[in-house]
$ cat work-v4.cif   # mmCIF, C-alpha atoms and all ligand atoms
data_input
#
loop_
_atom_site.group_PDB
_atom_site.id
_atom_site.type_symbol
_atom_site.label_atom_id
_atom_site.label_comp_id
_atom_site.auth_asym_id
_atom_site.auth_seq_id
_atom_site.Cartn_x
_atom_site.Cartn_y
_atom_site.Cartn_z
ATOM 1 C CA MET A 1014 87.280 -25.012 152.153
ATOM 2 C CA SER A 1015 84.839 -23.800 154.718
ATOM 3 C CA GLY A 1016 87.796 -22.014 156.295
ATOM 4 C CA ASP A 1017 88.335 -20.006 153.096
ATOM 5 C CA LEU A 1018 84.708 -18.978 153.055
ATOM 6 C CA LYS A 1019 84.946 -17.814 156.641
ATOM 7 C CA TRP A 1020 87.889 -15.556 155.824
ATOM 8 C CA ASN A 1021 86.098 -14.234 152.807
ATOM 9 C CA LYS A 1022 83.203 -13.246 155.025
ATOM 10 C CA ILE A 1023 85.468 -11.580 157.520
ATOM 11 C CA PHE A 1024 87.279 -9.583 154.860
ATOM 12 C CA GLY A 1025 83.999 -8.736 153.201
ATOM 13 C CA ALA A 1026 82.565 -7.436 156.449
ATOM 14 C CA GLY A 1027 85.701 -5.407 157.132
ATOM 15 C CA LEU A 1028 85.620 -3.859 153.694
ATOM 16 C CA ALA A 1029 81.959 -3.036 154.015
ATOM 17 C CA THR A 1030 82.616 -1.326 157.331
ATOM 18 C CA VAL A 1031 85.360 0.793 155.816
ATOM 19 C CA LEU A 1032 83.133 1.794 152.959
ATOM 20 C CA VAL A 1033 80.328 2.745 155.333
ATOM 21 C CA ILE A 1034 82.685 4.874 157.426
ATOM 22 C CA LEU A 1035 83.989 6.618 154.346
ATOM 23 C CA GLY A 1036 80.484 7.232 153.155
ATOM 24 C CA VAL A 1037 79.385 8.691 156.466
ATOM 25 C CA ASN A 1038 82.380 10.978 156.534
ATOM 26 C CA GLN A 1039 81.617 12.112 153.078
ATOM 27 C CA VAL A 1040 77.986 12.843 153.819
ATOM 28 C CA SER A 1041 78.551 14.523 157.157
ATOM 29 C CA GLY A 1042 81.265 16.626 155.614
ATOM 30 C CA PHE A 1043 78.629 17.723 153.211
ATOM 31 C CA ILE A 1044 76.088 18.498 155.860
ATOM 32 C CA TYR A 1045 78.360 20.166 158.372
ATOM 33 C CA SER A 1046 80.753 21.856 156.038
ATOM 34 C CA SER A 1047 81.734 25.146 157.657
ATOM 35 C CA GLU A 1048 81.273 28.366 155.818
ATOM 36 C CA PRO A 1049 84.013 30.927 156.326
ATOM 37 C CA PRO A 1050 82.692 34.045 158.066
ATOM 38 C CA GLU A 1051 81.720 36.787 155.703
ATOM 39 C CA GLU A 1052 84.144 39.195 157.183
ATOM 40 C CA MET A 1053 87.339 38.255 158.899
ATOM 41 C CA GLY A 1054 87.258 40.055 162.170
ATOM 42 C CA TYR A 1055 90.882 40.320 163.074
ATOM 43 C CA PHE A 1056 93.657 42.652 162.234
ATOM 44 C CA ILE A 1057 96.892 41.671 160.751
ATOM 45 C CA ASP A 1058 99.221 44.116 162.263
ATOM 46 C CA ALA A 1059 102.785 44.298 161.151
ATOM 47 C CA PRO A 1060 104.852 45.660 163.969
ATOM 48 C CA GLU A 1061 107.983 44.053 162.534
ATOM 49 C CA GLU A 1062 108.149 46.873 160.077
ATOM 50 C CA ALA A 1063 108.813 49.258 162.866
ATOM 51 C CA ALA A 1064 110.858 46.874 164.921
ATOM 52 C CA ALA A 1065 113.195 46.141 162.073
ATOM 53 C CA GLY A 1066 114.847 49.514 162.011
ATOM 54 C CA ALA A 1067 114.674 50.805 165.523
ATOM 55 C CA ALA A 1068 117.322 53.322 164.616
ATOM 56 C CA GLU A 1069 115.239 54.651 161.811
ATOM 57 C CA VAL A 1070 112.195 56.030 163.530
ATOM 58 C CA GLU A 1071 110.035 57.728 160.997
ATOM 59 C CA LEU A 1072 109.225 61.338 161.699
ATOM 60 C CA PRO A 1073 105.705 62.452 161.043
ATOM 61 C CA PRO A 1074 105.362 64.225 157.719
ATOM 62 C CA ASP A 1075 106.281 67.897 157.694
ATOM 63 C CA TRP A 1076 102.758 69.031 156.966
ATOM 64 C CA GLY A 1077 103.741 72.526 155.944
ATOM 65 C CA THR A 1078 105.853 71.059 153.193
ATOM 66 C CA VAL A 1079 103.777 68.150 151.978
ATOM 67 C CA LEU A 1080 100.199 69.360 152.232
ATOM 68 C CA PRO A 1081 100.351 72.342 149.880
ATOM 69 C CA VAL A 1082 101.610 70.117 147.089
ATOM 70 C CA ALA A 1083 99.666 66.990 147.950
ATOM 71 C CA ASP A 1084 97.756 65.234 145.203
ATOM 72 C CA ILE A 1085 94.169 65.778 146.275
ATOM 73 C CA ALA A 1086 92.789 63.742 143.398
ATOM 74 C CA ALA A 1087 94.876 60.786 144.516
ATOM 75 C CA GLY A 1088 93.546 61.370 148.011
ATOM 76 C CA GLU A 1089 90.012 61.204 146.754
ATOM 77 C CA ARG A 1090 90.820 57.911 145.089
ATOM 78 C CA ALA A 1091 92.313 56.642 148.331
ATOM 79 C CA PHE A 1092 89.117 57.602 150.111
ATOM 80 C CA ALA A 1093 87.379 54.819 148.210
ATOM 81 C CA ARG A 1094 88.760 52.547 150.897
ATOM 82 C CA CYS A 1095 86.889 54.463 153.556
ATOM 83 C CA MET A 1096 83.575 54.714 151.775
ATOM 84 C CA ALA A 1097 82.330 51.342 152.890
ATOM 85 C CA CYS A 1098 81.836 52.942 156.282
ATOM 86 C CA HIS A 1099 82.041 56.718 155.914
ATOM 87 C CA THR A 1100 80.315 59.480 154.015
ATOM 88 C CA ILE A 1101 82.111 62.793 153.756
ATOM 89 C CA ASN A 1102 79.572 65.120 152.188
ATOM 90 C CA GLN A 1103 78.297 67.953 154.324
ATOM 91 C CA GLY A 1104 75.413 66.710 156.420
ATOM 92 C CA GLY A 1105 75.976 63.165 155.187
ATOM 93 C CA ALA A 1106 74.618 60.292 157.200
ATOM 94 C CA ASP A 1107 76.629 58.247 159.620
ATOM 95 C CA GLY A 1108 77.139 54.714 158.439
ATOM 96 C CA ILE A 1109 79.187 52.046 160.110
ATOM 97 C CA GLY A 1110 81.487 54.951 160.852
ATOM 98 C CA PRO A 1111 80.634 58.615 161.445
ATOM 99 C CA ASN A 1112 80.284 61.198 158.672
ATOM 100 C CA LEU A 1113 83.664 62.863 158.129
ATOM 101 C CA TRP A 1114 82.792 66.320 156.827
ATOM 102 C CA GLY A 1115 85.018 68.790 158.626
ATOM 103 C CA ALA A 1116 86.772 66.091 160.621
ATOM 104 C CA VAL A 1117 90.290 67.412 159.982
ATOM 105 C CA GLY A 1118 91.205 69.840 162.726
ATOM 106 C CA GLY A 1119 87.807 69.304 164.260
ATOM 107 C CA PRO A 1120 86.971 67.764 167.600
ATOM 108 C CA MET A 1121 87.196 64.030 167.973
ATOM 109 C CA LEU A 1122 83.820 62.338 168.299
ATOM 110 C CA HIS A 1123 82.462 65.127 166.185
ATOM 111 C CA SER A 1124 79.306 63.425 165.002
ATOM 112 C CA ALA A 1125 76.807 63.982 167.773
ATOM 113 C CA GLY A 1126 74.574 61.057 166.987
ATOM 114 C CA PHE A 1127 77.249 58.430 166.523
ATOM 115 C CA ASP A 1128 77.855 55.674 169.020
ATOM 116 C CA TYR A 1129 81.613 55.844 169.491
ATOM 117 C CA SER A 1130 83.591 53.128 171.213
ATOM 118 C CA PRO A 1131 84.714 53.602 174.797
ATOM 119 C CA ALA A 1132 88.283 53.343 173.478
ATOM 120 C CA LEU A 1133 87.933 56.342 171.201
ATOM 121 C CA ARG A 1134 86.083 58.309 173.863
ATOM 122 C CA GLU A 1135 88.908 57.689 176.258
ATOM 123 C CA HIS A 1136 91.468 58.642 173.650
ATOM 124 C CA ALA A 1137 89.571 61.825 172.876
ATOM 125 C CA ALA A 1138 89.682 62.843 176.497
ATOM 126 C CA GLN A 1139 93.466 63.133 176.152
ATOM 127 C CA ASN A 1140 93.609 64.243 172.518
ATOM 128 C CA PRO A 1141 90.500 66.225 171.772
ATOM 129 C CA THR A 1142 91.448 67.344 168.268
ATOM 130 C CA TRP A 1143 92.023 65.565 164.984
ATOM 131 C CA THR A 1144 95.319 67.292 164.287
ATOM 132 C CA TYR A 1145 97.239 66.243 161.211
ATOM 133 C CA ASP A 1146 99.509 64.058 163.324
ATOM 134 C CA GLU A 1147 96.645 62.410 165.182
ATOM 135 C CA LEU A 1148 94.816 61.631 161.973
ATOM 136 C CA ASP A 1149 97.963 60.391 160.347
ATOM 137 C CA GLN A 1150 98.722 57.989 163.163
ATOM 138 C CA PHE A 1151 95.144 56.807 163.366
ATOM 139 C CA ILE A 1152 94.902 56.115 159.662
ATOM 140 C CA THR A 1153 98.290 54.401 159.625
ATOM 141 C CA ALA A 1154 97.066 51.725 162.020
ATOM 142 C CA PRO A 1155 93.768 52.506 163.743
ATOM 143 C CA SER A 1156 93.842 49.718 166.264
ATOM 144 C CA ARG A 1157 97.416 50.413 167.192
ATOM 145 C CA HIS A 1158 96.866 54.106 167.745
ATOM 146 C CA VAL A 1159 93.567 53.672 169.563
ATOM 147 C CA ARG A 1160 93.491 50.213 171.065
ATOM 148 C CA GLY A 1161 89.980 48.909 171.058
ATOM 149 C CA THR A 1162 88.619 51.264 168.443
ATOM 150 C CA LYS A 1163 85.751 49.811 166.546
ATOM 151 C CA MET A 1164 87.048 51.116 163.267
ATOM 152 C CA SER A 1165 87.957 47.772 161.748
ATOM 153 C CA PHE A 1166 90.343 48.933 159.127
ATOM 154 C CA ALA A 1167 93.878 47.640 158.779
ATOM 155 C CA GLY A 1168 95.369 51.028 158.005
ATOM 156 C CA ILE A 1169 97.383 52.623 155.228
ATOM 157 C CA ARG A 1170 101.132 52.244 155.568
ATOM 158 C CA ASN A 1171 102.063 54.231 152.489
ATOM 159 C CA THR A 1172 102.897 57.733 153.687
ATOM 160 C CA GLU A 1173 102.378 59.418 150.347
ATOM 161 C CA GLU A 1174 98.917 57.915 150.087
ATOM 162 C CA ARG A 1175 98.037 59.032 153.607
ATOM 163 C CA VAL A 1176 99.215 62.553 152.952
ATOM 164 C CA ALA A 1177 97.130 62.741 149.801
ATOM 165 C CA LEU A 1178 94.151 61.321 151.662
ATOM 166 C CA ILE A 1179 94.495 63.816 154.492
ATOM 167 C CA ALA A 1180 94.755 66.648 151.975
ATOM 168 C CA TYR A 1181 91.520 65.404 150.436
ATOM 169 C CA LEU A 1182 89.798 65.072 153.817
ATOM 170 C CA ARG A 1183 90.895 68.614 154.601
ATOM 171 C CA SER A 1184 89.339 69.821 151.371
ATOM 172 C CA GLN A 1185 86.015 68.485 152.603
ATOM 173 C CA GLY A 1186 84.925 71.028 155.160
ATOM 174 C CA SER A 1187 88.244 71.738 156.827
ATOM 175 C CA SER A 1188 90.049 74.116 154.529
ATOM 176 C CA GLY A 1189 89.944 76.696 157.293
ATOM 177 C CA TYR A 1190 92.211 74.517 159.395
ATOM 178 C CA ALA A 1191 95.638 76.065 158.956
ATOM 179 C CA ILE A 1192 98.563 74.273 157.472
ATOM 180 C CA PRO A 1193 101.613 74.902 159.630
ATOM 181 C CA ALA A 1194 104.636 76.662 158.193
ATOM 182 C CA PRO A 1195 107.210 74.335 156.662
ATOM 183 C CA ASP A 1196 109.893 73.335 159.086
ATOM 184 C CA PRO A 1197 113.135 74.819 157.697
ATOM 185 C CA SER A 1198 115.240 72.238 159.462
ATOM 186 C CA ARG A 1199 113.498 69.539 157.507
ATOM 187 C CA GLN A 1200 113.929 70.954 154.069
ATOM 188 C CA PRO A 1201 115.844 68.495 151.985
ATOM 189 C CA GLY A 1202 118.277 71.211 150.974
ATOM 190 C CA ALA A 1203 120.282 70.560 147.877
ATOM 191 C CA GLU A 1204 119.502 66.896 147.709
ATOM 192 C CA GLU A 1205 116.116 67.318 146.186
ATOM 193 C CA GLU A 1206 115.532 69.817 143.482
ATOM 194 C CA THR A 1207 111.898 70.669 143.787
ATOM 195 C CA PRO A 1208 111.235 73.583 146.067
ATOM 196 C CA ALA A 1209 107.486 73.635 146.130
ATOM 197 C CA GLU A 1210 107.222 77.278 145.395
ATOM 198 C CA GLY A 1211 110.228 79.568 145.542
ATOM 199 C CA GLU A 1212 109.392 80.923 148.939
ATOM 200 C CA ALA A 1213 109.959 77.840 150.958
ATOM 201 C CA VAL A 1214 113.651 77.791 150.282
ATOM 202 C CA GLU A 1215 114.760 81.121 151.643
ATOM 203 C CA GLY A 1216 115.511 79.944 155.141
ATOM 204 C CA GLU A 1217 118.220 77.626 153.983
ATOM 205 C CA GLY A 1218 120.864 78.688 156.526
ATOM 206 C CA VAL A 1219 119.875 76.171 159.115
ATOM 207 C CA GLU A 1220 120.020 77.298 162.643
ATOM 208 C CA GLN A 1221 117.739 76.556 165.496
ATOM 209 C CA THR A 1222 114.300 76.797 164.008
ATOM 210 C CA PRO A 1223 111.756 79.030 165.635
ATOM 211 C CA GLU A 1224 108.993 77.454 167.621
ATOM 212 C CA GLU A 1225 106.785 75.290 165.580
ATOM 213 C CA GLY A 1226 103.772 77.376 166.362
ATOM 214 C CA VAL A 1227 104.753 80.042 163.864
ATOM 215 C CA ALA A 1228 101.659 81.342 162.219
ATOM 216 C CA ALA A 1229 100.690 79.585 159.087
ATOM 217 C CA GLN A 1230 101.034 81.479 155.898
ATOM 218 C CA PRO A 1231 98.098 83.804 155.608
ATOM 219 C CA ASP A 1232 96.795 82.565 152.340
ATOM 220 C CA GLU A 1233 93.814 80.496 151.527
ATOM 221 C CA GLU A 1234 95.155 77.116 150.660
ATOM 222 C CA ALA A 1235 91.553 76.138 150.416
ATOM 223 C CA THR A 1236 91.283 76.425 146.747
ATOM 224 C CA SER A 1237 94.915 76.513 145.833
ATOM 225 C CA PRO A 1238 95.274 74.775 142.520
ATOM 226 C CA ALA A 1239 96.827 71.466 143.174
ATOM 227 C CA GLN A 1240 99.955 71.873 141.184
ATOM 228 C CA PRO A 1241 101.856 68.699 141.516
ATOM 229 C CA ALA A 1242 104.899 70.140 139.771
ATOM 230 C CA ALA A 1243 107.122 67.384 138.585
ATOM 231 C CA THR A 1244 106.175 64.864 141.191
ATOM 232 C CA SER A 1245 104.841 61.828 139.508
ATOM 233 C CA SER A 1246 101.363 61.076 140.636
ATOM 234 C CA PRO A 1247 101.371 58.286 143.169
ATOM 235 C CA GLN A 1248 100.092 54.906 142.403
ATOM 236 C CA ASN A 1249 96.566 54.201 143.402
HETATM 237 C C1 LIG B 1301 85.058 49.013 158.323
HETATM 238 C C2 LIG B 1301 84.501 50.340 158.486
HETATM 239 C C3 LIG B 1301 85.460 51.511 158.425
HETATM 240 C C4 LIG B 1301 86.385 51.818 157.453
HETATM 241 C C5 LIG B 1301 86.730 51.032 156.190
HETATM 242 C C6 LIG B 1301 86.946 53.082 157.838
HETATM 243 N N1 LIG B 1301 86.405 53.509 159.014
HETATM 244 FE FE1 LIG B 1301 86.834 55.232 159.975
HETATM 245 N N2 LIG B 1301 85.599 54.705 161.489
HETATM 246 C C7 LIG B 1301 84.844 53.571 161.535
HETATM 247 C C8 LIG B 1301 84.191 53.468 162.815
HETATM 248 C C9 LIG B 1301 83.264 52.358 163.275
HETATM 249 C C10 LIG B 1301 84.593 54.602 163.546
HETATM 250 C C11 LIG B 1301 84.278 54.930 165.006
HETATM 251 C C12 LIG B 1301 85.449 54.387 165.813
HETATM 252 C C13 LIG B 1301 85.240 54.263 167.294
HETATM 253 O O1 LIG B 1301 84.218 54.738 167.822
HETATM 254 O O2 LIG B 1301 86.131 53.677 167.925
HETATM 255 C C14 LIG B 1301 85.460 55.368 162.676
HETATM 256 C C15 LIG B 1301 86.050 56.587 163.020
HETATM 257 C C16 LIG B 1301 86.809 57.347 162.180
HETATM 258 C C17 LIG B 1301 87.296 58.663 162.494
HETATM 259 C C18 LIG B 1301 87.027 59.445 163.764
HETATM 260 C C19 LIG B 1301 85.825 60.334 163.548
HETATM 261 C C20 LIG B 1301 85.418 61.154 164.755
HETATM 262 O O3 LIG B 1301 84.298 61.672 164.740
HETATM 263 O O4 LIG B 1301 86.183 61.283 165.722
HETATM 264 C C21 LIG B 1301 88.017 59.081 161.422
HETATM 265 C C22 LIG B 1301 88.731 60.410 161.264
HETATM 266 C C23 LIG B 1301 87.978 58.021 160.447
HETATM 267 N N3 LIG B 1301 87.229 56.984 160.938
HETATM 268 C C24 LIG B 1301 88.605 58.070 159.220
HETATM 269 C C25 LIG B 1301 88.628 56.997 158.314
HETATM 270 C C26 LIG B 1301 89.356 57.024 157.077
HETATM 271 C C27 LIG B 1301 90.143 58.209 156.554
HETATM 272 C C28 LIG B 1301 89.173 55.802 156.496
HETATM 273 C C29 LIG B 1301 89.755 55.293 155.191
HETATM 274 C C30 LIG B 1301 91.185 55.294 155.102
HETATM 275 C C31 LIG B 1301 88.322 55.029 157.372
HETATM 276 N N4 LIG B 1301 88.011 55.785 158.464
HETATM 277 C C32 LIG B 1301 87.908 53.739 157.099
HETATM 278 C C33 LIG B 1301 84.718 52.639 160.534
HETATM 279 C C34 LIG B 1301 85.499 52.581 159.397
#

$ encode --input "work-v4.cif" --output "C-alpha cells" --more "lines below"
Ligand code: HEC
Amino acid sequence: MSGDLKWNKIFGAGLATVLVILGVNQVSGFIYSSEPPEEMGYFIDAPEEAAAGAAEVELPPDWGTVLPVADIAAGERAFARCMACHTINQGGADGIGPNLWGAVGGPMLHSAGFDYSPALREHAAQNPTWTYDELDQFITAPSRHVRGTKMSFAGIRNTEERVALIAYLRSQGSSGYAIPAPDPSRQPGAEEETPAEGEAVEGEGVEQTPEEGVAAQPDEEATSPAQPAATSSPQN
C-alpha cells in the first residue's frame, strides 16, 4: 500500500517536471523568438541556366535591330524595379544607388557625389563606359558581372524586358548616344516576317559583314515614335 503511494509520488514528480520543462520552452520560445531580417541580404544566382546549354551561348542583343523598335513604355514599367534605389530625372538625387540620368553611354561612376563600391571602381578602370553590352550584362546579374558590387539586385533574366528597360534608360538623357547599325549577319532573314522598317532588309545577301563600327544611321532616334509594329507588347 505504502509502496503504491511511493510510485504515485515518483510518477507525479516526473510528470510535473515534464510539464515545467514544456512550459519553460514555451515561454522562452516566446521571449527569444527570432525575427527574420527585414531584407534578405544574399543573392540567389542561377548559373545552372547558363551551364545547362553550354553549346547555346546567348549572343548579346543586336542593338541596332532591337533598340529602334523597343517598347519604351514597357521599359518604363520595368524601371519600377529600380526605383527603390534610383532616381532617373535630370538632376535627381542619389538614393541607395546613384541617379541614372544620362547613364547610358556615359562614364561609369558618373554621379560625382556617390560613394561607389571598390568593386565597381575597379571594374570601371577596365570598362569606363556604360555601353549597351556593359549595361545589359550588369542588369542581367549585377553581382555576377561586377563581383562585389553593392547594387543588391538579383537581376533581370528576361532579354526582352532588359532591352525595353535599356531603351527607356536611353530615353532619359542619353538619346544622343548612337545606336549601332543593325548587324546584317544577324538578321533573321526569311524566318521572321517583320523587318522593322524596310531599310534594314536590303543587305540580305550575307557575306562578311563590315566592321561593326559602321556609323550609326544619322537620324535622331531620340524622339522616334515607338512603333511596335505587330510585336505583342511584352508582359510586365
Ligand atoms: C537595392 C537597390 C538597387 C536596386 C533595386 C537597383 N540598383 Fe542600381 N545601383 C545600386 C547601387 C548601390 C549602385 C552602386 C553600385 C556600386 O557602387 O557597386 C548601383 C549602380 C547602378 C548603375 C551604375 C551607375 C554608375 O554611375 O556607374 C546602374 C547603371 C544601375 N545601378 C542601374 C540599375 C537598374 C537599371 C536597376 C533596375 C533594373 C537597378 N540599378 C536597381 C542600387 C540598386

$ atom_distance --input "work-v4.cif" --atom1 "CA of Pro1131 (chain A)" --atom2 "atom O1 of ligand LIG 1301 (chain B)"
7.1 Å

$ closest_residue --input "work-v4.cif" --among "A:Ala1106, A:Ile1085, A:Ile1192, A:Leu1113" --to "ligand LIG 1301 (chain B)" --atoms "all atoms listed in the file"
A:Leu1113

$ closest_residue --input "work-v4.cif" --among "A:Ile1109, A:Ile1101, A:Ala1087, A:Ala1137" --to "Met1121 (chain A)" --atoms "only C-alpha atoms"
A:Ala1137

$ residues_near_ligand --input "work-v4.cif" --ligand "ligand LIG 1301 (chain B)" --cutoff "9 Å" --atoms "only C-alpha atoms and all ligand atoms" --output "MDAnalysis selection string"
chainID A and resid 1091:1099 1108:1113 1116:1117 1119:1125 1127:1134 1137 1141:1143 1148:1149 1151:1153 1155:1156 1159:1169 1175 1178:1179 1182

$ axis_aligned_box --input "work-v4.cif" --around "region 1173-1187 of chain A" --padding-each-side "3 Å" --output "lines of an AutoDock Vina configuration file"
center_x = 93.7
center_y = 64.8
center_z = 153.3
size_x = 23.5
size_y = 19.8
size_z = 13.0

$ atom_distance --input "work-v4.cif" --atom1 "CA of Gly1104 (chain A)" --atom2 "CA of Gly1126 (chain A)"
12.0 Å

$ decode --input "work-v4.cif" --residues "region 1170-1200 of chain A" --atoms "N, CA and C atoms" --output "CSV table (one decimal), in the first residue's frame"
chain,number,residue,atom,x,y,z
A,1170,ARG,N,16.5,38.5,-66.0
A,1170,ARG,CA,16.9,37.5,-66.9
A,1170,ARG,C,16.2,37.6,-68.3
A,1171,ASN,N,15.1,38.2,-68.3
A,1171,ASN,CA,14.3,38.3,-69.5
A,1171,ASN,C,14.9,39.3,-70.5
A,1172,THR,N,15.4,38.8,-71.6
A,1172,THR,CA,16.1,39.7,-72.5
A,1172,THR,C,15.2,40.8,-73.1
A,1173,GLU,N,14.0,40.5,-73.4
A,1173,GLU,CA,13.1,41.5,-74.0
A,1173,GLU,C,12.8,42.6,-72.9
A,1174,GLU,N,12.7,42.2,-71.7
A,1174,GLU,CA,12.4,43.2,-70.7
A,1174,GLU,C,13.7,44.1,-70.5
A,1175,ARG,N,14.9,43.5,-70.6
A,1175,ARG,CA,16.1,44.3,-70.4
A,1175,ARG,C,16.2,45.3,-71.6
A,1176,VAL,N,15.9,44.8,-72.8
A,1176,VAL,CA,16.1,45.7,-73.9
A,1176,VAL,C,15.1,46.8,-73.8
A,1177,ALA,N,13.9,46.6,-73.4
A,1177,ALA,CA,12.9,47.7,-73.2
A,1177,ALA,C,13.4,48.6,-72.2
A,1178,LEU,N,13.9,48.1,-71.1
A,1178,LEU,CA,14.4,48.9,-70.0
A,1178,LEU,C,15.6,49.8,-70.5
A,1179,ILE,N,16.5,49.2,-71.2
A,1179,ILE,CA,17.7,50.0,-71.7
A,1179,ILE,C,17.2,51.1,-72.7
A,1180,ALA,N,16.2,50.7,-73.5
A,1180,ALA,CA,15.7,51.8,-74.4
A,1180,ALA,C,15.1,52.9,-73.6
A,1181,TYR,N,14.4,52.6,-72.5
A,1181,TYR,CA,13.8,53.6,-71.6
A,1181,TYR,C,15.0,54.4,-71.0
A,1182,LEU,N,16.0,53.7,-70.4
A,1182,LEU,CA,17.1,54.5,-69.8
A,1182,LEU,C,17.7,55.4,-70.8
A,1183,ARG,N,17.9,54.9,-72.0
A,1183,ARG,CA,18.5,55.8,-73.0
A,1183,ARG,C,17.6,57.0,-73.3
A,1184,SER,N,16.3,56.9,-73.2
A,1184,SER,CA,15.5,58.0,-73.5
A,1184,SER,C,15.6,59.1,-72.4
A,1185,GLN,N,16.2,58.7,-71.3
A,1185,GLN,CA,16.3,59.6,-70.2
A,1185,GLN,C,17.8,60.2,-70.1
A,1186,GLY,N,18.0,61.1,-71.0
A,1186,GLY,CA,19.3,61.8,-71.0
A,1186,GLY,C,20.4,61.3,-71.9
A,1187,SER,N,20.1,60.2,-72.6
A,1187,SER,CA,21.1,59.6,-73.4
A,1187,SER,C,20.8,59.4,-74.9
A,1188,SER,N,19.7,60.1,-75.3
A,1188,SER,CA,19.3,59.9,-76.7
A,1188,SER,C,20.4,60.3,-77.7
A,1189,GLY,N,21.4,61.0,-77.3
A,1189,GLY,CA,22.5,61.3,-78.2
A,1189,GLY,C,23.5,60.2,-78.3
A,1190,TYR,N,23.3,59.2,-77.5
A,1190,TYR,CA,24.2,58.0,-77.6
A,1190,TYR,C,23.8,57.1,-78.8
A,1191,ALA,N,24.6,57.0,-79.8
A,1191,ALA,CA,24.2,56.4,-81.0
A,1191,ALA,C,23.8,54.9,-80.9
A,1192,ILE,N,22.9,54.6,-81.7
A,1192,ILE,CA,22.5,53.1,-81.8
A,1192,ILE,C,23.3,52.6,-82.9
A,1193,PRO,N,24.0,51.5,-82.7
A,1193,PRO,CA,24.8,51.0,-83.8
A,1193,PRO,C,23.9,50.5,-85.0
A,1194,ALA,N,24.6,50.4,-86.2
A,1194,ALA,CA,23.8,49.9,-87.3
A,1194,ALA,C,23.5,48.4,-87.0
A,1195,PRO,N,22.3,48.0,-87.6
A,1195,PRO,CA,22.0,46.6,-87.4
A,1195,PRO,C,23.0,45.7,-88.0
A,1196,ASP,N,23.3,44.6,-87.4
A,1196,ASP,CA,24.3,43.6,-88.0
A,1196,ASP,C,23.6,42.8,-89.0
A,1197,PRO,N,24.0,42.9,-90.3
A,1197,PRO,CA,23.3,42.2,-91.4
A,1197,PRO,C,23.4,40.7,-91.2
A,1198,SER,N,24.5,40.2,-90.6
A,1198,SER,CA,24.6,38.8,-90.5
A,1198,SER,C,23.7,38.2,-89.4
A,1199,ARG,N,23.1,39.1,-88.6
A,1199,ARG,CA,22.2,38.6,-87.6
A,1199,ARG,C,20.7,38.9,-87.9
A,1200,GLN,N,20.4,39.3,-89.1
A,1200,GLN,CA,19.0,39.5,-89.5
A,1200,GLN,C,18.4,38.1,-89.6
